[in-house]
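Data block for model-v7.csv (CSV, C-alpha atoms and all ligand atoms):
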chain,number,residue,atom,x,y,z
A,828,MET,CA,123.9,90.6,151.2
A,829,HIS,CA,122.0,88.3,153.6
A,830,TYR,CA,119.0,89.4,155.7
A,831,SER,CA,117.5,87.5,158.6
A,832,PRO,CA,113.9,86.3,158.2
A,833,ILE,CA,112.6,88.8,160.8
A,834,GLU,CA,113.5,92.1,159.2
A,835,VAL,CA,113.5,95.4,161.1
A,836,PRO,CA,111.0,97.9,159.7
A,837,LEU,CA,113.7,100.4,158.9
A,838,LYS,CA,117.4,100.6,159.0
A,839,ALA,CA,119.6,103.2,157.4
A,840,SER,CA,123.3,103.8,157.5
A,841,GLY,CA,125.7,106.3,156.2
A,842,LEU,CA,123.1,108.3,154.3
A,843,ALA,CA,124.4,111.4,152.4
A,844,LYS,CA,122.8,113.8,150.0
A,845,ARG,CA,124.1,117.0,148.4
A,846,PHE,CA,122.1,119.6,146.5
A,847,GLY,CA,124.6,121.7,144.5
A,848,ALA,CA,126.7,123.5,147.1
A,849,VAL,CA,124.5,122.3,150.0
A,850,GLN,CA,125.5,119.1,151.8
A,851,ALA,CA,122.0,118.5,153.2
A,852,VAL,CA,122.7,115.1,154.7
A,853,SER,CA,126.2,113.8,155.3
A,854,ASN,CA,126.1,110.8,157.6
A,855,VAL,CA,122.7,109.7,159.0
A,856,ASN,CA,122.2,106.4,160.7
A,857,LEU,CA,119.0,105.2,162.3
A,858,GLU,CA,116.9,102.2,163.0
A,859,VAL,CA,113.3,101.7,164.0
A,860,GLY,CA,111.8,98.5,165.4
A,861,ALA,CA,108.3,97.1,165.1
A,862,GLY,CA,105.9,98.6,167.7
A,863,THR,CA,108.2,101.5,168.3
A,864,ALA,CA,108.3,105.2,167.4
A,865,LEU,CA,111.4,107.1,166.5
A,866,GLY,CA,111.6,110.9,166.8
A,867,LEU,CA,113.9,112.5,164.2
A,868,LEU,CA,115.0,115.7,165.8
A,869,GLY,CA,117.2,118.6,164.9
A,870,PRO,CA,117.1,122.3,164.2
A,871,ASN,CA,115.8,123.9,161.0
A,872,GLY,CA,117.8,122.8,158.0
A,873,ALA,CA,119.4,119.9,159.9
A,874,GLY,CA,118.4,117.5,157.1
A,875,LYS,CA,115.3,115.8,158.6
A,876,SER,CA,113.0,116.2,155.6
A,877,THR,CA,115.8,115.3,153.2
A,878,THR,CA,116.5,112.1,155.3
A,879,LEU,CA,112.8,111.2,155.2
A,880,SER,CA,112.6,111.7,151.4
A,881,ILE,CA,115.5,109.2,151.1
A,882,LEU,CA,113.9,106.8,153.5
A,883,MET,CA,110.6,107.0,151.5
A,884,GLY,CA,112.5,106.4,148.3
A,885,LEU,CA,111.6,109.8,146.8
A,886,LEU,CA,115.3,110.8,146.7
A,887,ALA,CA,118.3,108.6,145.9
A,888,PRO,CA,121.1,109.1,148.4
A,889,ASP,CA,124.6,109.9,147.1
A,890,ALA,CA,125.9,107.4,149.7
A,891,GLY,CA,124.6,105.0,152.3
A,892,GLU,CA,121.8,102.6,152.3
A,893,ALA,CA,118.2,102.5,153.6
A,894,ARG,CA,116.2,99.2,154.0
A,895,VAL,CA,112.5,98.8,154.7
A,896,PHE,CA,111.8,95.3,156.1
A,897,GLY,CA,114.9,94.3,154.2
A,898,HIS,CA,113.8,95.9,150.9
A,899,ALA,CA,115.6,98.8,149.3
A,900,ALA,CA,113.9,102.1,150.2
A,901,GLY,CA,111.7,103.1,147.2
A,902,SER,CA,111.4,99.6,145.8
A,903,PRO,CA,107.7,98.5,145.2
A,904,GLU,CA,108.0,96.1,148.1
A,905,ALA,CA,109.1,98.9,150.4
A,906,ARG,CA,106.5,101.3,149.2
A,907,THR,CA,103.5,99.0,149.8
A,908,LEU,CA,104.7,98.6,153.4
A,909,THR,CA,105.1,102.3,154.0
A,910,GLY,CA,102.7,105.3,154.5
A,911,ALA,CA,103.7,108.9,154.8
A,912,THR,CA,102.7,112.5,155.3
A,913,PRO,CA,105.3,115.0,153.8
A,914,GLN,CA,106.0,118.4,155.4
A,915,SER,CA,103.6,120.0,152.8
A,916,ALA,CA,101.0,118.0,151.0
A,917,GLY,CA,99.1,119.0,147.9
A,918,PHE,CA,95.8,117.3,146.8
A,919,PRO,CA,93.8,117.4,143.7
A,920,ALA,CA,91.4,120.1,144.8
A,921,GLU,CA,88.4,118.7,143.0
A,922,LEU,CA,88.4,115.4,145.0
A,923,THR,CA,86.9,114.7,148.4
A,924,PRO,CA,88.8,113.0,151.2
A,925,ARG,CA,86.6,109.9,150.7
A,926,GLU,CA,87.9,109.6,147.1
A,927,VAL,CA,91.5,110.3,147.9
A,928,LEU,CA,91.5,107.8,150.8
A,929,HIS,CA,89.8,105.1,148.6
A,930,TYR,CA,92.3,105.7,145.8
A,931,THR,CA,95.2,105.5,148.2
A,932,ALA,CA,94.0,102.2,149.8
A,933,ALA,CA,93.5,100.8,146.2
A,934,CYS,CA,97.1,101.7,145.3
A,935,TYR,CA,98.3,99.7,148.3
A,936,GLY,CA,95.9,96.8,147.5
A,937,THR,CA,94.5,96.9,151.0
A,938,PRO,CA,90.8,97.3,152.1
A,939,LEU,CA,90.1,100.8,153.3
A,940,ARG,CA,89.1,101.1,157.0
A,941,LEU,CA,87.3,104.4,156.1
A,942,ASP,CA,85.1,104.6,159.2
A,943,GLU,CA,88.1,104.1,161.5
A,944,LEU,CA,90.1,106.8,159.7
A,945,VAL,CA,87.2,109.3,159.7
A,946,ASP,CA,86.7,108.7,163.3
A,947,ARG,CA,90.3,108.9,164.4
A,948,PHE,CA,91.1,112.0,162.4
A,949,GLY,CA,87.8,113.8,163.0
A,950,LEU,CA,86.9,113.9,159.3
A,951,GLU,CA,83.1,113.4,159.8
A,952,ALA,CA,82.1,116.8,158.5
A,953,LEU,CA,84.8,116.8,155.8
A,954,VAL,CA,84.8,113.4,154.2
A,955,ASP,CA,82.4,114.2,151.3
A,956,ARG,CA,83.3,117.8,150.7
A,957,ARG,CA,85.7,118.9,148.0
A,958,ILE,CA,89.2,119.6,149.3
A,959,ALA,CA,89.3,122.9,147.4
A,960,GLY,CA,87.7,124.8,150.2
A,961,PHE,CA,89.5,123.2,153.1
A,962,SER,CA,91.4,125.2,155.7
A,963,GLY,CA,95.1,124.5,156.3
A,964,GLY,CA,94.4,122.4,159.3
A,965,GLU,CA,91.7,120.4,157.6
A,966,VAL,CA,94.0,119.6,154.7
A,967,ARG,CA,96.7,118.6,157.2
A,968,ARG,CA,94.2,116.1,158.9
A,969,VAL,CA,93.3,114.6,155.5
A,970,ALA,CA,97.1,114.2,154.8
A,971,LEU,CA,97.6,112.5,158.1
A,972,ALA,CA,94.7,110.1,157.5
A,973,LEU,CA,96.2,109.3,154.1
A,974,ALA,CA,99.4,108.1,155.7
A,975,PHE,CA,97.5,105.4,157.4
A,976,ALA,CA,95.0,104.6,154.5
A,977,GLY,CA,96.9,101.7,153.1
A,978,SER,CA,97.3,99.9,156.5
A,979,PRO,CA,101.1,100.3,156.3
A,980,LYS,CA,103.5,98.7,158.7
A,981,LEU,CA,105.8,101.7,158.7
A,982,VAL,CA,104.7,105.3,158.7
A,983,PHE,CA,106.8,108.5,158.1
A,984,LEU,CA,105.3,111.8,159.4
A,985,ASP,CA,107.1,115.1,158.8
A,986,GLU,CA,106.0,117.7,161.3
A,987,PRO,CA,102.5,116.2,161.4
A,988,THR,CA,100.9,118.6,163.8
A,989,THR,CA,102.2,121.9,162.4
A,990,GLY,CA,99.1,124.1,162.0
A,991,LEU,CA,96.7,121.8,163.9
A,992,ASP,CA,94.6,123.1,166.7
A,993,THR,CA,95.1,121.6,170.2
A,994,ALA,CA,92.2,119.2,170.0
A,995,SER,CA,93.6,117.7,166.7
A,996,GLN,CA,97.1,117.6,168.2
A,997,LYS,CA,95.7,115.6,171.1
A,998,GLY,CA,93.8,113.3,168.7
A,999,PHE,CA,96.9,112.7,166.7
A,1000,ARG,CA,98.9,111.6,169.7
A,1001,GLU,CA,96.2,109.0,170.4
A,1002,VAL,CA,96.3,107.8,166.8
A,1003,ALA,CA,100.1,107.5,166.9
A,1004,ARG,CA,100.2,105.7,170.2
A,1005,THR,CA,97.5,103.3,169.1
A,1006,TYR,CA,99.2,102.6,165.8
A,1007,VAL,CA,102.5,101.8,167.6
A,1008,ALA,CA,100.8,99.7,170.3
A,1009,GLU,CA,99.2,97.6,167.5
A,1010,GLY,CA,102.7,96.9,166.2
A,1011,GLY,CA,103.3,99.6,163.7
A,1012,ALA,CA,106.7,101.4,163.3
A,1013,LEU,CA,106.6,105.2,163.2
A,1014,VAL,CA,109.2,107.8,162.3
A,1015,LEU,CA,108.2,111.3,163.3
A,1016,THR,CA,109.8,114.7,163.0
A,1017,SER,CA,108.6,117.5,165.2
A,1018,HIS,CA,109.8,120.7,166.8
A,1019,HIS,CA,107.3,120.0,169.7
A,1020,TRP,CA,109.4,118.3,172.3
A,1021,ASP,CA,106.3,117.3,174.3
A,1022,GLU,CA,104.8,115.6,171.3
A,1023,ILE,CA,108.0,113.6,170.8
A,1024,GLU,CA,108.1,112.7,174.4
A,1025,ALA,CA,104.4,111.6,174.4
A,1026,ILE,CA,104.8,109.4,171.3
A,1027,CYS,CA,108.4,108.2,170.8
A,1028,ASP,CA,110.4,105.4,172.4
A,1029,SER,CA,113.7,106.6,170.9
A,1030,ILE,CA,115.3,109.6,169.2
A,1031,THR,CA,117.8,110.3,166.5
A,1032,LEU,CA,119.2,113.7,166.7
A,1033,ILE,CA,120.7,115.2,163.6
A,1034,ASP,CA,122.7,118.3,163.3
A,1035,LYS,CA,124.1,119.7,160.0
A,1036,GLY,CA,123.2,116.5,158.2
A,1037,GLU,CA,124.9,114.2,160.7
A,1038,THR,CA,123.5,111.8,163.3
A,1039,VAL,CA,124.9,113.1,166.6
A,1040,LEU,CA,122.8,110.9,169.0
A,1041,ASN,CA,120.8,107.7,168.7
A,1042,ALA,CA,119.2,106.8,172.0
A,1043,HIS,CA,116.2,105.2,173.8
A,1044,ILE,CA,114.4,107.8,175.9
A,1045,ASP,CA,114.2,105.4,178.9
A,1046,ASP,CA,117.9,104.6,178.6
A,1047,MET,CA,118.8,108.2,178.7
A,1048,ARG,CA,116.6,108.7,181.8
A,1049,ALA,CA,118.2,105.7,183.5
A,1050,ARG,CA,121.7,107.0,182.6
A,1051,THR,CA,121.4,110.4,184.3
A,1052,LYS,CA,120.5,111.4,187.8
A,1053,ALA,CA,119.8,114.9,186.7
A,1054,LYS,CA,116.5,116.4,187.7
A,1055,HIS,CA,114.5,119.5,187.1
A,1056,LEU,CA,114.0,121.5,190.3
A,1057,SER,CA,111.7,124.5,190.3
A,1058,PHE,CA,110.3,126.8,192.9
A,1059,ALA,CA,108.9,130.3,193.6
A,1060,LEU,CA,110.6,133.0,195.6
A,1061,PRO,CA,109.2,136.2,197.0
A,1062,ARG,CA,109.6,139.2,194.6
A,1063,ASP,CA,113.0,140.9,195.0
A,1064,THR,CA,114.5,137.7,196.2
A,1065,ALA,CA,117.0,135.8,194.0
A,1066,PRO,CA,118.6,132.4,194.5
A,1067,PRO,CA,122.3,132.4,195.3
A,1068,ASP,CA,124.7,132.4,192.3
A,1069,TRP,CA,126.0,128.9,193.0
A,1070,MET,CA,122.6,127.5,192.0
A,1071,GLN,CA,122.8,128.9,188.5
A,1072,ALA,CA,119.0,129.1,188.5
A,1073,ARG,CA,117.1,130.7,185.6
A,1074,HIS,CA,113.9,132.7,186.0
A,1075,ASP,CA,110.9,132.3,183.6
A,1076,GLY,CA,109.1,135.3,184.8
A,1077,GLN,CA,107.2,133.3,187.5
A,1078,ARG,CA,109.4,130.4,188.8
A,1079,TRP,CA,113.0,129.7,189.2
A,1080,HIS,CA,114.5,126.6,187.4
A,1081,VAL,CA,117.6,124.5,188.1
A,1082,GLU,CA,118.8,121.3,186.3
A,1083,THR,CA,121.1,119.3,188.5
A,1084,ALA,CA,122.4,115.8,189.0
A,1085,GLN,CA,122.8,116.6,192.8
A,1086,SER,CA,119.2,117.5,193.7
A,1087,ASP,CA,119.5,116.2,197.3
A,1088,ALA,CA,122.6,118.3,198.0
A,1089,VAL,CA,121.1,121.3,196.3
A,1090,LEU,CA,117.9,121.0,198.4
A,1091,ARG,CA,119.9,120.6,201.6
A,1092,GLN,CA,121.9,123.7,200.9
A,1093,MET,CA,118.8,125.7,200.0
A,1094,VAL,CA,117.3,124.8,203.4
A,1095,GLU,CA,120.7,125.5,205.2
A,1096,GLU,CA,120.8,129.0,203.6
A,1097,ALA,CA,117.2,129.6,204.6
A,1098,LEU,CA,116.1,130.4,201.1
A,1099,PRO,CA,112.4,131.4,201.4
A,1100,PHE,CA,111.2,129.1,198.6
A,1101,ASP,CA,107.6,128.1,198.0
A,1102,ASP,CA,105.8,125.6,195.8
A,1103,LEU,CA,108.9,123.5,195.2
A,1104,ALA,CA,108.7,120.8,192.5
A,1105,LEU,CA,111.3,118.1,191.7
A,1106,GLU,CA,110.6,116.4,188.3
A,1107,PRO,CA,112.4,114.3,185.7
A,1108,LEU,CA,114.2,116.4,183.0
A,1109,ALA,CA,112.1,117.4,180.1
A,1110,LEU,CA,113.3,115.7,176.9
A,1111,GLU,CA,115.1,118.7,175.5
A,1112,ALA,CA,117.1,119.2,178.7
A,1113,LEU,CA,117.7,115.4,179.0
A,1114,ILE,CA,119.2,115.3,175.5
A,1115,GLU,CA,121.4,118.3,176.2
A,1116,HIS,CA,122.5,116.6,179.4
A,1117,ILE,CA,123.4,113.3,177.7
A,1118,ARG,CA,125.3,115.1,175.0
A,1119,GLN,CA,127.3,117.0,177.6
A,1120,GLU,CA,128.1,113.8,179.4
A,1121,GLU,CA,129.2,112.1,176.1
A,1122,ALA,CA,131.4,115.2,175.2
A,1123,LEU,CA,133.1,114.8,178.6
A,1124,GLN,CA,133.9,111.1,178.1
B,1201,LIG,N1,115.8,120.4,146.8
B,1201,LIG,C1,116.8,121.2,147.5
B,1201,LIG,N2,117.6,122.0,146.8
B,1201,LIG,C2,118.6,122.7,147.5
B,1201,LIG,N3,118.8,122.6,148.8
B,1201,LIG,C3,117.9,121.8,149.5
B,1201,LIG,C4,116.9,121.1,148.9
B,1201,LIG,N4,116.2,120.4,149.9
B,1201,LIG,C5,116.8,120.7,151.0
B,1201,LIG,N5,117.9,121.6,150.8
B,1201,LIG,C6,118.8,122.2,151.9
B,1201,LIG,O1,119.2,121.1,152.6
B,1201,LIG,C7,119.3,121.4,154.0
B,1201,LIG,C8,118.4,120.4,154.8
B,1201,LIG,O2,117.0,120.7,154.5
B,1201,LIG,P1,115.9,119.9,155.2
B,1201,LIG,O3,114.6,120.3,154.5
B,1201,LIG,O4,116.2,118.4,155.1
B,1201,LIG,O5,115.9,120.3,156.7
B,1201,LIG,P2,115.0,120.0,157.9
B,1201,LIG,O6,115.8,119.4,159.0
B,1201,LIG,O7,113.8,119.2,157.4
B,1201,LIG,O8,114.5,121.5,158.4
B,1201,LIG,P3,113.1,122.0,159.0
B,1201,LIG,O9,113.1,121.7,160.4
B,1201,LIG,O10,113.2,123.5,158.7
B,1201,LIG,O11,112.0,121.3,158.2
B,1201,LIG,C9,118.8,122.9,154.1
B,1201,LIG,O12,120.0,123.7,154.1
B,1201,LIG,C10,118.0,123.1,152.8
B,1201,LIG,O13,118.1,124.4,152.4
B,1202,MG,MG,111.8,119.6,157.3

As structure tokens, how would this structure be written, given the file I've shared?
Amino acid sequence: MHYSPIEVPLKASGLAKRFGAVQAVSNVNLEVGAGTALGLLGPNGAGKSTTLSILMGLLAPDAGEARVFGHAAGSPEARTLTGATPQSAGFPAELTPREVLHYTAACYGTPLRLDELVDRFGLEALVDRRIAGFSGGEVRRVALALAFAGSPKLVFLDEPTTGLDTASQKGFREVARTYVAEGGALVLTSHHWDEIEAICDSITLIDKGETVLNAHIDDMRARTKAKHLSFALPRDTAPPDWMQARHDGQRWHVETAQSDAVLRQMVEEALPFDDLALEPLALEALIEHIRQEEALQ
């Protein structure tokens, strides 16, 4: 097979993996460019972690192919270009983060930017303590720093912020954005839609082991006129049925591609709304919208 001199950081096609009776992954296709972040999305059991294990070269696929900068996933060349944090990470409890980070950088053959990692992941108070006594969130932060310790060009993160407090989640977003802005390629799974939206350029949605949507978030936004309309109403007042509005306990919400017409009609019907907001669709609703549009075509 011939590969062009400028290789994409990650390209996978037709991935499949079965565990006994469970077809965990049946047809996953995805691609990640340099300086971009991909959100790998899907419900519990969709096959995200299995896909990541294949991409990292930890699992051999039954079918399909994954290439990292043109090298077979799992090959020594691919591994030295790749960093990762798995969904659950175990560390030798007797070691300190400083030791683990040094060891990791040495395995990659790259100099360790320890001060930068300590600073970015808030490890100042932890770096010379034994990991044995760390809290769940502290272990998670070390695992995250580890993904970046070898100065990789491609990073896989499986639910990186699960169990992190809000300050650490915010810190992680900055780290991820900086890494991508500096030219890194990132693949991220998360059940936090706002996190995906804050970090990722594109998404791959998988369901029951299959890719059901590959899209750039900007393209999806450009493709749909749908907007999120929300407003308050006096207690004991409900919007007319035609609006198909839902109530979250405080405000009413409508997703519509005809926001102008809806607004005009609301005024015409003298609906006593208050504090009205018209916003772009949140990512989850946007994806739902695009999938419905595609199903209609
Ligand atoms: N080693 C294994 N042996 C047997 N079944 C497995 C194994 N690993 C994964 N599976 C099954 O494959 C399916 C996909 O699992 P996977 O961990 O990839 O899902 P996921 O999308 O990462 O889910 P989550 O959002 O819960 O992390 C599940 O049905 C799971 O039970
Ligand atoms: Mg998983």

Discussion item. Quick one: residues within 7 Å of stretch 938-947 of chain A, all atoms listed in the file, excluding same-chain residues fewer than 2 positions away - as a ChimeraX atom specification?
Written reply: /A:929,932,936,949-951,972,976-977,1002

Could you list, as a ChimeraX atom specification, every residue within 10 Å of A:Thr989, counting only C-alpha atoms and ignoring same-chain residues fewer than 4 positions away?
/A:914-915,963-964,967,985,996,1017-1019

How would the residues just picked look written out with C-alpha atoms as a CSV table (one decimal), keeping the file's coordinate frame?
chain,number,residue,atom,x,y,z
A,914,GLN,CA,106.0,118.4,155.4
A,915,SER,CA,103.6,120.0,152.8
A,963,GLY,CA,95.1,124.5,156.3
A,964,GLY,CA,94.4,122.4,159.3
A,967,ARG,CA,96.7,118.6,157.2
A,985,ASP,CA,107.1,115.1,158.8
A,996,GLN,CA,97.1,117.6,168.2
A,1017,SER,CA,108.6,117.5,165.2
A,1018,HIS,CA,109.8,120.7,166.8
A,1019,HIS,CA,107.3,120.0,169.7

Exercise. Can you tell me which residues sit at most 12 Å away from ligand MG 1202 (chain B), counting all atoms listed in the file, written as a PyMOL selection string?
Worked result: chain A and resi 851+867-880+912-915+984-987+989+1015-1018+1033+1036

Keeping only C-alpha atoms, write those residues as an mmCIF file, in the coordinates of the input.
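Okay, out15.cif is ready:
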data_model
loop_
_atom_site.group_PDB
_atom_site.id
_atom_site.type_symbol
_atom_site.label_atom_id
_atom_site.label_comp_id
_atom_site.auth_asym_id
_atom_site.auth_seq_id
_atom_site.Cartn_x
_atom_site.Cartn_y
_atom_site.Cartn_z
ATOM 1 C CA ALA A 851 122.000 118.500 153.200
ATOM 2 C CA LEU A 867 113.900 112.500 164.200
ATOM 3 C CA LEU A 868 115.000 115.700 165.800
ATOM 4 C CA GLY A 869 117.200 118.600 164.900
ATOM 5 C CA PRO A 870 117.100 122.300 164.200
ATOM 6 C CA ASN A 871 115.800 123.900 161.000
ATOM 7 C CA GLY A 872 117.800 122.800 158.000
ATOM 8 C CA ALA A 873 119.400 119.900 159.900
ATOM 9 C CA GLY A 874 118.400 117.500 157.100
ATOM 10 C CA LYS A 875 115.300 115.800 158.600
ATOM 11 C CA SER A 876 113.000 116.200 155.600
ATOM 12 C CA THR A 877 115.800 115.300 153.200
ATOM 13 C CA THR A 878 116.500 112.100 155.300
ATOM 14 C CA LEU A 879 112.800 111.200 155.200
ATOM 15 C CA SER A 880 112.600 111.700 151.400
ATOM 16 C CA THR A 912 102.700 112.500 155.300
ATOM 17 C CA PRO A 913 105.300 115.000 153.800
ATOM 18 C CA GLN A 914 106.000 118.400 155.400
ATOM 19 C CA SER A 915 103.600 120.000 152.800
ATOM 20 C CA LEU A 984 105.300 111.800 159.400
ATOM 21 C CA ASP A 985 107.100 115.100 158.800
ATOM 22 C CA GLU A 986 106.000 117.700 161.300
ATOM 23 C CA PRO A 987 102.500 116.200 161.400
ATOM 24 C CA THR A 989 102.200 121.900 162.400
ATOM 25 C CA LEU A 1015 108.200 111.300 163.300
ATOM 26 C CA THR A 1016 109.800 114.700 163.000
ATOM 27 C CA SER A 1017 108.600 117.500 165.200
ATOM 28 C CA HIS A 1018 109.800 120.700 166.800
ATOM 29 C CA ILE A 1033 120.700 115.200 163.600
ATOM 30 C CA GLY A 1036 123.200 116.500 158.200
#

Item to complete: Select, from A:Arg956, A:Asn856, A:Asp1034, A:Glu1022, the residue with the minimum atom-to-atom distance to ligand LIG 1201 (chain B), counting all atoms listed in the file.
Response: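 Residue with the minimum atom-to-atom distance to ligand LIG 1201 (chain B): A:Asp1034.
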
Wanna dump the stretch 982-1070 of chain A-stretch 892-906 of chain A contacts at 12 Å for me, each residue with its shortest atom pair and the distance in Å to one decimal, counting all atoms listed in the file, ordered by chain and number, as CSV?
residue,atom,partner,partner_atom,distance
A:Val982,CA,A:Arg906,CA,10.5
A:Phe983,CA,A:Arg906,CA,11.5
A:Ala1012,CA,A:Val895,CA,10.7

As AutoDock Vina command-line options, please: the centre and edge lengths in Å, to one decimal, of an axis-aligned box enclosing every listed atom of ligand LIG 1201 (chain B) with 8 Å added on each side.
--center_x 116.0 --center_y 121.4 --center_z 153.6 --size_x 24.0 --size_y 22.0 --size_z 29.6

**Asked** Using all atoms listed in the file, which of the listed residues (A:Thr1031, A:Ser1086, A:Gln850, A:Gln1077) sits closest to ligand LIG 1201 (chain B)?
**Response**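 Between A:Thr1031, A:Ser1086, A:Gln850, A:Gln1077, the residue approaching ligand LIG 1201 (chain B) most closely is A:Gln850.
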
- Query: What's the 8 Å shell around A:Gly860, counting all atoms listed in the file, without same-chain residues fewer than 6 positions away, as a PyMOL selection string?
  - Reply: chain A and resi 835-837+1012

Across A:Leu882, A:Leu1108, A:Leu1056, A:Met1047, the smallest distance to ligand LIG 1201 (chain B), with all atoms listed in the file counted, is shown by A:Leu882

Expressed in Å to a single decimal, how great is the separation between atom CA of A:Met1093 and atom CA of A:Asp1063?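 These atoms are spaced 17.0 Å apart.
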